[in-house]
file structure_4.cif (mmCIF, C-alpha atoms and all ligand atoms)
data_run
loop_
_atom_site.group_PDB
_atom_site.id
_atom_site.type_symbol
_atom_site.label_atom_id
_atom_site.label_comp_id
_atom_site.auth_asym_id
_atom_site.auth_seq_id
_atom_site.Cartn_x
_atom_site.Cartn_y
_atom_site.Cartn_z
ATOM 1 C CA MET A 1449 -12.810 -14.218 11.488
ATOM 2 C CA ASN A 1450 -11.696 -12.709 8.179
ATOM 3 C CA ARG A 1451 -8.881 -10.175 8.546
ATOM 4 C CA VAL A 1452 -6.931 -7.864 6.264
ATOM 5 C CA ILE A 1453 -3.356 -6.671 6.718
ATOM 6 C CA VAL A 1454 -3.356 -2.971 5.802
ATOM 7 C CA LEU A 1455 0.095 -2.008 4.537
ATOM 8 C CA THR A 1456 0.466 1.735 4.835
ATOM 9 C CA GLY A 1457 3.248 4.335 5.000
ATOM 10 C CA PRO A 1458 5.162 6.648 2.674
ATOM 11 C CA ALA A 1459 5.676 5.982 -1.026
ATOM 12 C CA GLY A 1460 8.760 3.876 -1.681
ATOM 13 C CA ALA A 1461 8.949 2.452 1.861
ATOM 14 C CA GLY A 1462 8.272 -1.086 0.618
ATOM 15 C CA LYS A 1463 4.535 -1.724 1.132
ATOM 16 C CA THR A 1464 4.079 -3.426 -2.248
ATOM 17 C CA SER A 1465 7.264 -5.461 -1.783
ATOM 18 C CA ILE A 1466 5.878 -6.771 1.531
ATOM 19 C CA ALA A 1467 2.481 -7.532 -0.052
ATOM 20 C CA THR A 1468 4.289 -9.579 -2.725
ATOM 21 C CA TYR A 1469 6.321 -11.399 -0.064
ATOM 22 C CA LEU A 1470 3.117 -12.172 1.851
ATOM 23 C CA LYS A 1471 1.579 -13.607 -1.323
ATOM 24 C CA GLU A 1472 4.604 -15.678 -2.329
ATOM 25 C CA LYS A 1473 5.784 -16.947 1.065
ATOM 26 C CA TRP A 1474 2.523 -17.049 3.020
ATOM 27 C CA GLN A 1475 -0.140 -17.359 0.270
ATOM 28 C CA VAL A 1476 -1.832 -14.185 1.546
ATOM 29 C CA PRO A 1477 -3.846 -12.807 -1.414
ATOM 30 C CA GLN A 1478 -3.666 -9.090 -2.125
ATOM 31 C CA VAL A 1479 -6.760 -6.950 -2.595
ATOM 32 C CA ILE A 1480 -6.416 -5.292 -6.001
ATOM 33 C CA THR A 1481 -7.371 -1.621 -5.909
ATOM 34 C CA HIS A 1482 -8.320 0.805 -8.681
ATOM 35 C CA THR A 1483 -6.345 3.785 -9.959
ATOM 36 C CA THR A 1484 -6.356 6.398 -12.707
ATOM 37 C CA ARG A 1485 -2.563 6.772 -12.670
ATOM 38 C CA PRO A 1486 -0.616 5.539 -15.725
ATOM 39 C CA LYS A 1487 0.897 2.043 -15.582
ATOM 40 C CA ARG A 1488 4.563 1.732 -14.611
ATOM 41 C CA ALA A 1489 6.800 -0.505 -16.723
ATOM 42 C CA GLY A 1490 5.977 -4.127 -15.936
ATOM 43 C CA GLU A 1491 2.662 -3.443 -14.213
ATOM 44 C CA VAL A 1492 -0.274 -5.575 -15.349
ATOM 45 C CA ASP A 1493 -3.953 -4.612 -15.307
ATOM 46 C CA GLY A 1494 -5.884 -6.788 -12.840
ATOM 47 C CA VAL A 1495 -2.687 -7.874 -11.072
ATOM 48 C CA ASP A 1496 -1.046 -4.684 -9.780
ATOM 49 C CA TYR A 1497 -4.145 -2.498 -10.065
ATOM 50 C CA TYR A 1498 -7.306 -2.180 -12.082
ATOM 51 C CA PHE A 1499 -6.179 0.695 -14.282
ATOM 52 C CA GLU A 1500 -9.090 3.048 -14.943
ATOM 53 C CA THR A 1501 -9.873 6.127 -16.989
ATOM 54 C CA LYS A 1502 -11.367 9.109 -15.165
ATOM 55 C CA ASP A 1503 -14.816 7.966 -16.383
ATOM 56 C CA SER A 1504 -14.489 4.239 -15.665
ATOM 57 C CA PHE A 1505 -13.125 5.027 -12.172
ATOM 58 C CA LEU A 1506 -16.522 6.536 -11.312
ATOM 59 C CA LEU A 1507 -18.417 3.337 -12.152
ATOM 60 C CA ASN A 1508 -17.093 1.261 -9.202
ATOM 61 C CA HIS A 1509 -18.458 1.118 -5.649
ATOM 62 C CA TYR A 1510 -15.738 2.049 -3.197
ATOM 63 C CA LEU A 1511 -15.304 1.282 0.469
ATOM 64 C CA GLU A 1512 -12.993 4.290 0.397
ATOM 65 C CA SER A 1513 -11.269 6.376 -2.265
ATOM 66 C CA VAL A 1514 -8.633 9.120 -2.231
ATOM 67 C CA HIS A 1515 -6.864 11.581 -4.475
ATOM 68 C CA TYR A 1516 -3.111 11.010 -4.179
ATOM 69 C CA SER A 1517 -0.457 12.944 -6.119
ATOM 70 C CA GLN A 1518 -2.346 13.679 -9.356
ATOM 71 C CA ALA A 1519 -4.414 10.473 -9.494
ATOM 72 C CA ASN A 1520 -7.455 8.769 -7.942
ATOM 73 C CA TYR A 1521 -7.261 5.496 -6.017
ATOM 74 C CA GLY A 1522 -10.073 3.388 -4.574
ATOM 75 C CA SER A 1523 -10.691 0.031 -2.932
ATOM 76 C CA SER A 1524 -13.960 -1.812 -3.337
ATOM 77 C CA LYS A 1525 -15.874 -4.087 -0.954
ATOM 78 C CA GLU A 1526 -16.096 -6.597 -3.839
ATOM 79 C CA GLY A 1527 -12.282 -6.650 -4.074
ATOM 80 C CA LEU A 1528 -11.966 -7.375 -0.358
ATOM 81 C CA GLU A 1529 -14.634 -10.120 -0.471
ATOM 82 C CA LYS A 1530 -12.910 -11.673 -3.498
ATOM 83 C CA ALA A 1531 -9.613 -11.877 -1.583
ATOM 84 C CA TRP A 1532 -11.402 -13.290 1.500
ATOM 85 C CA GLN A 1533 -12.934 -16.015 -0.669
ATOM 86 C CA LYS A 1534 -9.383 -17.247 -1.281
ATOM 87 C CA SER A 1535 -8.144 -16.923 2.315
ATOM 88 C CA ASN A 1536 -9.354 -15.563 5.653
ATOM 89 C CA LEU A 1537 -6.225 -13.374 5.746
ATOM 90 C CA ALA A 1538 -5.690 -10.898 2.887
ATOM 91 C CA SER A 1539 -3.498 -7.825 2.412
ATOM 92 C CA ILE A 1540 -4.101 -4.385 0.924
ATOM 93 C CA VAL A 1541 -1.772 -1.441 0.202
ATOM 94 C CA LEU A 1542 -3.281 1.941 1.163
ATOM 95 C CA ASP A 1543 -2.178 5.482 1.954
ATOM 96 C CA THR A 1544 -2.618 6.514 5.603
ATOM 97 C CA LYS A 1545 -6.009 8.126 4.926
ATOM 98 C CA GLY A 1546 -7.269 4.815 3.517
ATOM 99 C CA ALA A 1547 -5.747 2.967 6.475
ATOM 100 C CA GLU A 1548 -7.672 5.208 8.887
ATOM 101 C CA THR A 1549 -10.906 4.504 7.014
ATOM 102 C CA TYR A 1550 -10.271 0.751 7.083
ATOM 103 C CA GLN A 1551 -9.639 0.944 10.834
ATOM 104 C CA GLU A 1552 -12.909 2.873 11.323
ATOM 105 C CA ILE A 1553 -14.998 0.546 9.157
ATOM 106 C CA LEU A 1554 -13.469 -2.843 9.952
ATOM 107 C CA GLY A 1555 -12.179 -2.371 13.518
ATOM 108 C CA ASP A 1556 -10.260 -5.482 14.668
ATOM 109 C CA GLN A 1557 -10.547 -7.060 11.226
ATOM 110 C CA ALA A 1558 -8.033 -4.483 9.956
ATOM 111 C CA TRP A 1559 -4.470 -5.300 11.077
ATOM 112 C CA ILE A 1560 -2.495 -2.116 10.389
ATOM 113 C CA TRP A 1561 1.211 -2.372 9.446
ATOM 114 C CA TYR A 1562 2.966 0.988 9.114
ATOM 115 C CA VAL A 1563 6.010 0.608 6.857
ATOM 116 C CA THR A 1564 8.735 3.251 6.848
ATOM 117 C CA ILE A 1565 12.514 3.685 6.746
ATOM 118 C CA LYS A 1566 14.921 5.468 9.128
ATOM 119 C CA ASP A 1567 16.379 7.857 6.564
ATOM 120 C CA VAL A 1568 13.419 9.102 4.522
ATOM 121 C CA VAL A 1569 15.756 10.973 2.142
ATOM 122 C CA LYS A 1570 16.526 7.524 0.670
ATOM 123 C CA LEU A 1571 12.908 7.123 -0.471
ATOM 124 C CA GLU A 1572 13.661 9.297 -3.521
ATOM 125 C CA ASN A 1573 16.437 6.891 -4.608
ATOM 126 C CA ARG A 1574 14.124 3.911 -4.163
ATOM 127 C CA LEU A 1575 11.453 5.482 -6.371
ATOM 128 C CA ILE A 1576 14.017 6.318 -9.057
ATOM 129 C CA ALA A 1577 15.556 2.823 -8.836
ATOM 130 C CA ARG A 1578 12.037 1.381 -9.286
ATOM 131 C CA GLY A 1579 11.930 3.120 -12.674
ATOM 132 C CA ASP A 1580 9.469 5.919 -11.875
ATOM 133 C CA ALA A 1581 9.882 8.909 -14.220
ATOM 134 C CA LYS A 1582 11.948 11.670 -12.592
ATOM 135 C CA ASP A 1583 9.212 14.324 -12.993
ATOM 136 C CA ARG A 1584 6.622 12.029 -11.354
ATOM 137 C CA VAL A 1585 9.012 11.279 -8.470
ATOM 138 C CA MET A 1586 9.526 15.003 -7.909
ATOM 139 C CA ALA A 1587 5.770 15.674 -8.041
ATOM 140 C CA ARG A 1588 5.165 12.839 -5.606
ATOM 141 C CA LEU A 1589 7.813 13.939 -3.093
ATOM 142 C CA SER A 1590 6.327 17.425 -2.927
ATOM 143 C CA ALA A 1591 2.699 16.221 -2.703
ATOM 144 C CA PRO A 1592 1.035 16.940 0.667
ATOM 145 C CA GLU A 1593 -0.081 13.275 0.798
ATOM 146 C CA PHE A 1594 3.531 12.095 0.669
ATOM 147 C CA GLN A 1595 4.521 14.487 3.469
ATOM 148 C CA ARG A 1596 1.516 13.379 5.559
ATOM 149 C CA ASP A 1597 2.340 9.673 5.162
ATOM 150 C CA LEU A 1598 5.862 10.198 6.551
ATOM 151 C CA ASN A 1599 4.289 9.975 10.027
ATOM 152 C CA LEU A 1600 1.908 7.489 11.580
ATOM 153 C CA PRO A 1601 -1.412 9.383 12.003
ATOM 154 C CA ASP A 1602 -2.598 10.046 15.567
ATOM 155 C CA LYS A 1603 -5.680 7.853 15.062
ATOM 156 C CA LEU A 1604 -3.491 4.839 14.293
ATOM 157 C CA GLN A 1605 -1.065 5.355 17.193
ATOM 158 C CA GLY A 1606 -1.104 2.276 19.405
ATOM 159 C CA HIS A 1607 -3.027 0.291 16.771
ATOM 160 C CA ALA A 1608 -0.251 -0.380 14.248
ATOM 161 C CA GLU A 1609 2.699 -2.714 13.872
ATOM 162 C CA ILE A 1610 5.750 -0.649 12.892
ATOM 163 C CA ILE A 1611 8.101 -2.047 10.244
ATOM 164 C CA ILE A 1612 11.334 -0.120 9.629
ATOM 165 C CA ASN A 1613 12.209 -1.515 6.195
ATOM 166 C CA ASP A 1614 15.910 -0.571 6.007
ATOM 167 C CA ASP A 1615 17.143 -4.106 5.534
ATOM 168 C CA TRP A 1616 15.041 -6.477 3.422
ATOM 169 C CA GLN A 1617 16.140 -9.680 5.222
ATOM 170 C CA GLN A 1618 15.258 -8.187 8.607
ATOM 171 C CA THR A 1619 11.892 -7.091 7.253
ATOM 172 C CA CYS A 1620 11.130 -10.623 6.013
ATOM 173 C CA HIS A 1621 12.090 -11.949 9.460
ATOM 174 C CA GLN A 1622 9.760 -9.451 11.180
ATOM 175 C CA VAL A 1623 6.908 -10.319 8.793
ATOM 176 C CA ASP A 1624 7.435 -14.043 9.483
ATOM 177 C CA GLN A 1625 7.347 -13.382 13.236
ATOM 178 C CA LEU A 1626 4.135 -11.347 12.957
ATOM 179 C CA LEU A 1627 2.407 -14.129 11.041
ATOM 180 C CA GLU A 1628 3.681 -16.899 13.305
ATOM 181 C CA ARG A 1629 2.456 -14.996 16.384
HETATM 182 N N1 LIG A 1701 14.603 -2.990 2.251
HETATM 183 C C1 LIG A 1701 14.764 -2.476 1.034
HETATM 184 N N2 LIG A 1701 15.967 -2.012 0.654
HETATM 185 C C2 LIG A 1701 16.165 -1.462 -0.576
HETATM 186 N N3 LIG A 1701 15.199 -1.341 -1.519
HETATM 187 C C3 LIG A 1701 13.966 -1.793 -1.195
HETATM 188 C C4 LIG A 1701 13.691 -2.377 0.086
HETATM 189 N N4 LIG A 1701 12.379 -2.715 0.111
HETATM 190 C C5 LIG A 1701 11.859 -2.375 -1.089
HETATM 191 N N5 LIG A 1701 12.808 -1.825 -1.888
HETATM 192 C C6 LIG A 1701 12.686 -1.300 -3.257
HETATM 193 O O1 LIG A 1701 12.165 0.039 -3.153
HETATM 194 C C7 LIG A 1701 11.308 0.326 -4.251
HETATM 195 C C8 LIG A 1701 9.951 0.786 -3.697
HETATM 196 O O2 LIG A 1701 9.339 -0.329 -3.051
HETATM 197 P P1 LIG A 1701 7.769 -0.580 -3.132
HETATM 198 O O3 LIG A 1701 7.277 -0.386 -4.526
HETATM 199 O O4 LIG A 1701 7.492 -1.877 -2.466
HETATM 200 O O5 LIG A 1701 7.278 0.650 -2.225
HETATM 201 P P2 LIG A 1701 5.798 1.141 -1.868
HETATM 202 O O6 LIG A 1701 5.797 1.541 -0.447
HETATM 203 O O7 LIG A 1701 4.792 0.122 -2.285
HETATM 204 O O8 LIG A 1701 5.678 2.424 -2.799
HETATM 205 P P3 LIG A 1701 4.347 3.135 -3.391
HETATM 206 O O9 LIG A 1701 3.534 3.601 -2.256
HETATM 207 O O10 LIG A 1701 4.899 4.288 -4.195
HETATM 208 O O11 LIG A 1701 3.648 2.163 -4.281
HETATM 209 C C9 LIG A 1701 11.201 -0.955 -5.096
HETATM 210 O O12 LIG A 1701 12.105 -0.839 -6.178
HETATM 211 C C10 LIG A 1701 11.665 -2.047 -4.104
HETATM 212 O O13 LIG A 1701 12.256 -3.145 -4.788
HETATM 213 N N1 LIG A 1702 -6.553 5.035 0.161
HETATM 214 C C1 LIG A 1702 -6.071 4.291 -0.861
HETATM 215 N N2 LIG A 1702 -4.752 4.350 -1.163
HETATM 216 C C2 LIG A 1702 -4.323 3.548 -2.143
HETATM 217 C C3 LIG A 1702 -5.165 2.694 -2.878
HETATM 218 N N3 LIG A 1702 -4.418 2.043 -3.805
HETATM 219 C C4 LIG A 1702 -3.155 2.475 -3.635
HETATM 220 N N4 LIG A 1702 -3.086 3.393 -2.647
HETATM 221 C C5 LIG A 1702 -1.934 4.177 -2.168
HETATM 222 O O1 LIG A 1702 -1.677 5.193 -3.110
HETATM 223 C C6 LIG A 1702 -0.314 5.611 -3.010
HETATM 224 C C7 LIG A 1702 0.316 5.672 -4.376
HETATM 225 O O2 LIG A 1702 0.409 4.382 -4.958
HETATM 226 P P1 LIG A 1702 1.318 4.108 -6.248
HETATM 227 O O3 LIG A 1702 1.074 2.679 -6.631
HETATM 228 O O4 LIG A 1702 0.888 5.068 -7.306
HETATM 229 O O5 LIG A 1702 2.748 4.354 -5.850
HETATM 230 C C8 LIG A 1702 0.386 4.598 -2.123
HETATM 231 O O6 LIG A 1702 0.512 5.169 -0.826
HETATM 232 C C9 LIG A 1702 -0.618 3.461 -2.075
HETATM 233 O O7 LIG A 1702 -0.516 2.797 -0.841
HETATM 234 C C10 LIG A 1702 -6.553 2.682 -2.531
HETATM 235 O O8 LIG A 1702 -7.390 1.980 -3.123
HETATM 236 N N5 LIG A 1702 -6.951 3.495 -1.527
#

call {"tool": "encode", "arguments": {"input": "structure_4.cif", "output": "structure tokens"}}
result
Amino acid sequence: MNRVIVLTGPAGAGKTSIATYLKEKWQVPQVITHTTRPKRAGEVDGVDYYFETKDSFLLNHYLESVHYSQANYGSSKEGLEKAWQKSNLASIVLDTKGAETYQEILGDQAWIWYVTIKDVVKLENRLIARGDAKDRVMARLSAPEFQRDLNLPDKLQGHAEIIINDDWQQTCHQVDQLLER
């Protein structure tokens, strides 16, 4: 059975870092999603995201799409199928609304991992250390989507692995254990 690890949780918690670890250590391909937000330094079109204009964003067929902190994001069925052609286990990084939709549509094929940290005040420092512009970090922290993603939604309670990503080595160990299981 094809499955997809859905990495969800608040911005800055480490979802993308875990997706990269899964790709490098476990050869788990990542589903590339689409966004209208500007590229961050070092991001590459077709690798980190498909970067879209407002018009080109509308041309794709989405399994689900959301508006998150001033930009649109969407994941396509084609993107998921492309990742599954490489491996029967893929990963995708989604906000909690997207994670709920994946759970509804894919059922047991969606393996939800909720990534967070104990002291959420530290998320701001992580976003700044990542190189995000200060005004965008501030806008993001006050966005209702960010506040919502600080908690695991009711619908996902009991259906998600919880990863408290305070210590990177411990997180890698937990990820290894989940995959070996
Ligand atoms: N355990 C950790 N300790 C300290 N810093 C970390 C840890 N895990 C990840 N980081 C760093 O925190 C920053 C944010 O991580 P990452 O981009 O993976 O978060 P994210 O959840 O994908 O965020 P977003 O939803 O905004 O894309 C990065 O600079 C990353 O290197
Ligand atoms: N529901 C969806 N959420 C997505 C998608 N692609 C990314 N995301 C989430 O958006 C926020 C912001 O991402 P960032 O890269 O700008 O920091 C984050 O929570 C991502 O998980 C998607 O296609 N659908």

call {"tool": "residues_near_ligand", "arguments": {"input": "structure_4.cif", "ligand": "ligand LIG 1701 (chain A)", "cutoff": "8 Å", "atoms": "all atoms listed in the file", "output": "PDB file with C-alpha atoms, in the coordinates of the input"}}
result
ATOM      1  CA  THR A1456       0.466   1.735   4.835  1.00  0.00           C
ATOM      2  CA  GLY A1457       3.248   4.335   5.000  1.00  0.00           C
ATOM      3  CA  PRO A1458       5.162   6.648   2.674  1.00  0.00           C
ATOM      4  CA  ALA A1459       5.676   5.982  -1.026  1.00  0.00           C
ATOM      5  CA  GLY A1460       8.760   3.876  -1.681  1.00  0.00           C
ATOM      6  CA  ALA A1461       8.949   2.452   1.861  1.00  0.00           C
ATOM      7  CA  GLY A1462       8.272  -1.086   0.618  1.00  0.00           C
ATOM      8  CA  LYS A1463       4.535  -1.724   1.132  1.00  0.00           C
ATOM      9  CA  THR A1464       4.079  -3.426  -2.248  1.00  0.00           C
ATOM     10  CA  SER A1465       7.264  -5.461  -1.783  1.00  0.00           C
ATOM     11  CA  ILE A1466       5.878  -6.771   1.531  1.00  0.00           C
ATOM     12  CA  ALA A1467       2.481  -7.532  -0.052  1.00  0.00           C
ATOM     13  CA  VAL A1541      -1.772  -1.441   0.202  1.00  0.00           C
ATOM     14  CA  LEU A1542      -3.281   1.941   1.163  1.00  0.00           C
ATOM     15  CA  ASP A1543      -2.178   5.482   1.954  1.00  0.00           C
ATOM     16  CA  VAL A1563       6.010   0.608   6.857  1.00  0.00           C
ATOM     17  CA  LEU A1571      12.908   7.123  -0.471  1.00  0.00           C
ATOM     18  CA  ARG A1574      14.124   3.911  -4.163  1.00  0.00           C
ATOM     19  CA  LEU A1575      11.453   5.482  -6.371  1.00  0.00           C
ATOM     20  CA  ILE A1576      14.017   6.318  -9.057  1.00  0.00           C
ATOM     21  CA  ALA A1577      15.556   2.823  -8.836  1.00  0.00           C
ATOM     22  CA  ARG A1578      12.037   1.381  -9.286  1.00  0.00           C
ATOM     23  CA  GLY A1579      11.930   3.120 -12.674  1.00  0.00           C
ATOM     24  CA  ASN A1613      12.209  -1.515   6.195  1.00  0.00           C
ATOM     25  CA  ASP A1614      15.910  -0.571   6.007  1.00  0.00           C
ATOM     26  CA  ASP A1615      17.143  -4.106   5.534  1.00  0.00           C
ATOM     27  CA  TRP A1616      15.041  -6.477   3.422  1.00  0.00           C
ATOM     28  CA  GLN A1617      16.140  -9.680   5.222  1.00  0.00           C
ATOM     29  CA  THR A1619      11.892  -7.091   7.253  1.00  0.00           C
TER      30      THR A1619
END

call {"tool": "residues_near_ligand", "arguments": {"input": "structure_4.cif", "ligand": "ligand LIG 1702 (chain A)", "cutoff": "10 Å", "atoms": "all atoms listed in the file", "output": "number ranges by chain"}}
result
A: 1454-1464, 1479-1488, 1491, 1496-1498, 1510-1524, 1527, 1540-1550, 1575, 1580, 1584-1585, 1588, 1593-1594, 1597

call {"tool": "atom_distance", "arguments": {"input": "structure_4.cif", "atom1": "CA of Gly1555 in chain A", "atom2": "CA of Asn1599 in chain A"}}
result
20.9 Å

call {"tool": "resolve_selection", "arguments": {"input": "structure_4.cif", "expression": "the PyMOL selection byres (((chain A and resi 1561) around 6) and not hetatm)", "output": "count of residues only"}}
result
7

call {"tool": "atom_distance", "arguments": {"input": "structure_4.cif", "atom1": "CA of Pro1592 in chain A", "atom2": "CA of Lys1566 in chain A"}}
result
19.9 Å

call {"tool": "atom_distance", "arguments": {"input": "structure_4.cif", "atom1": "CA of Ile1612 in chain A", "atom2": "CA of Thr1564 in chain A"}}
result
5.1 Å
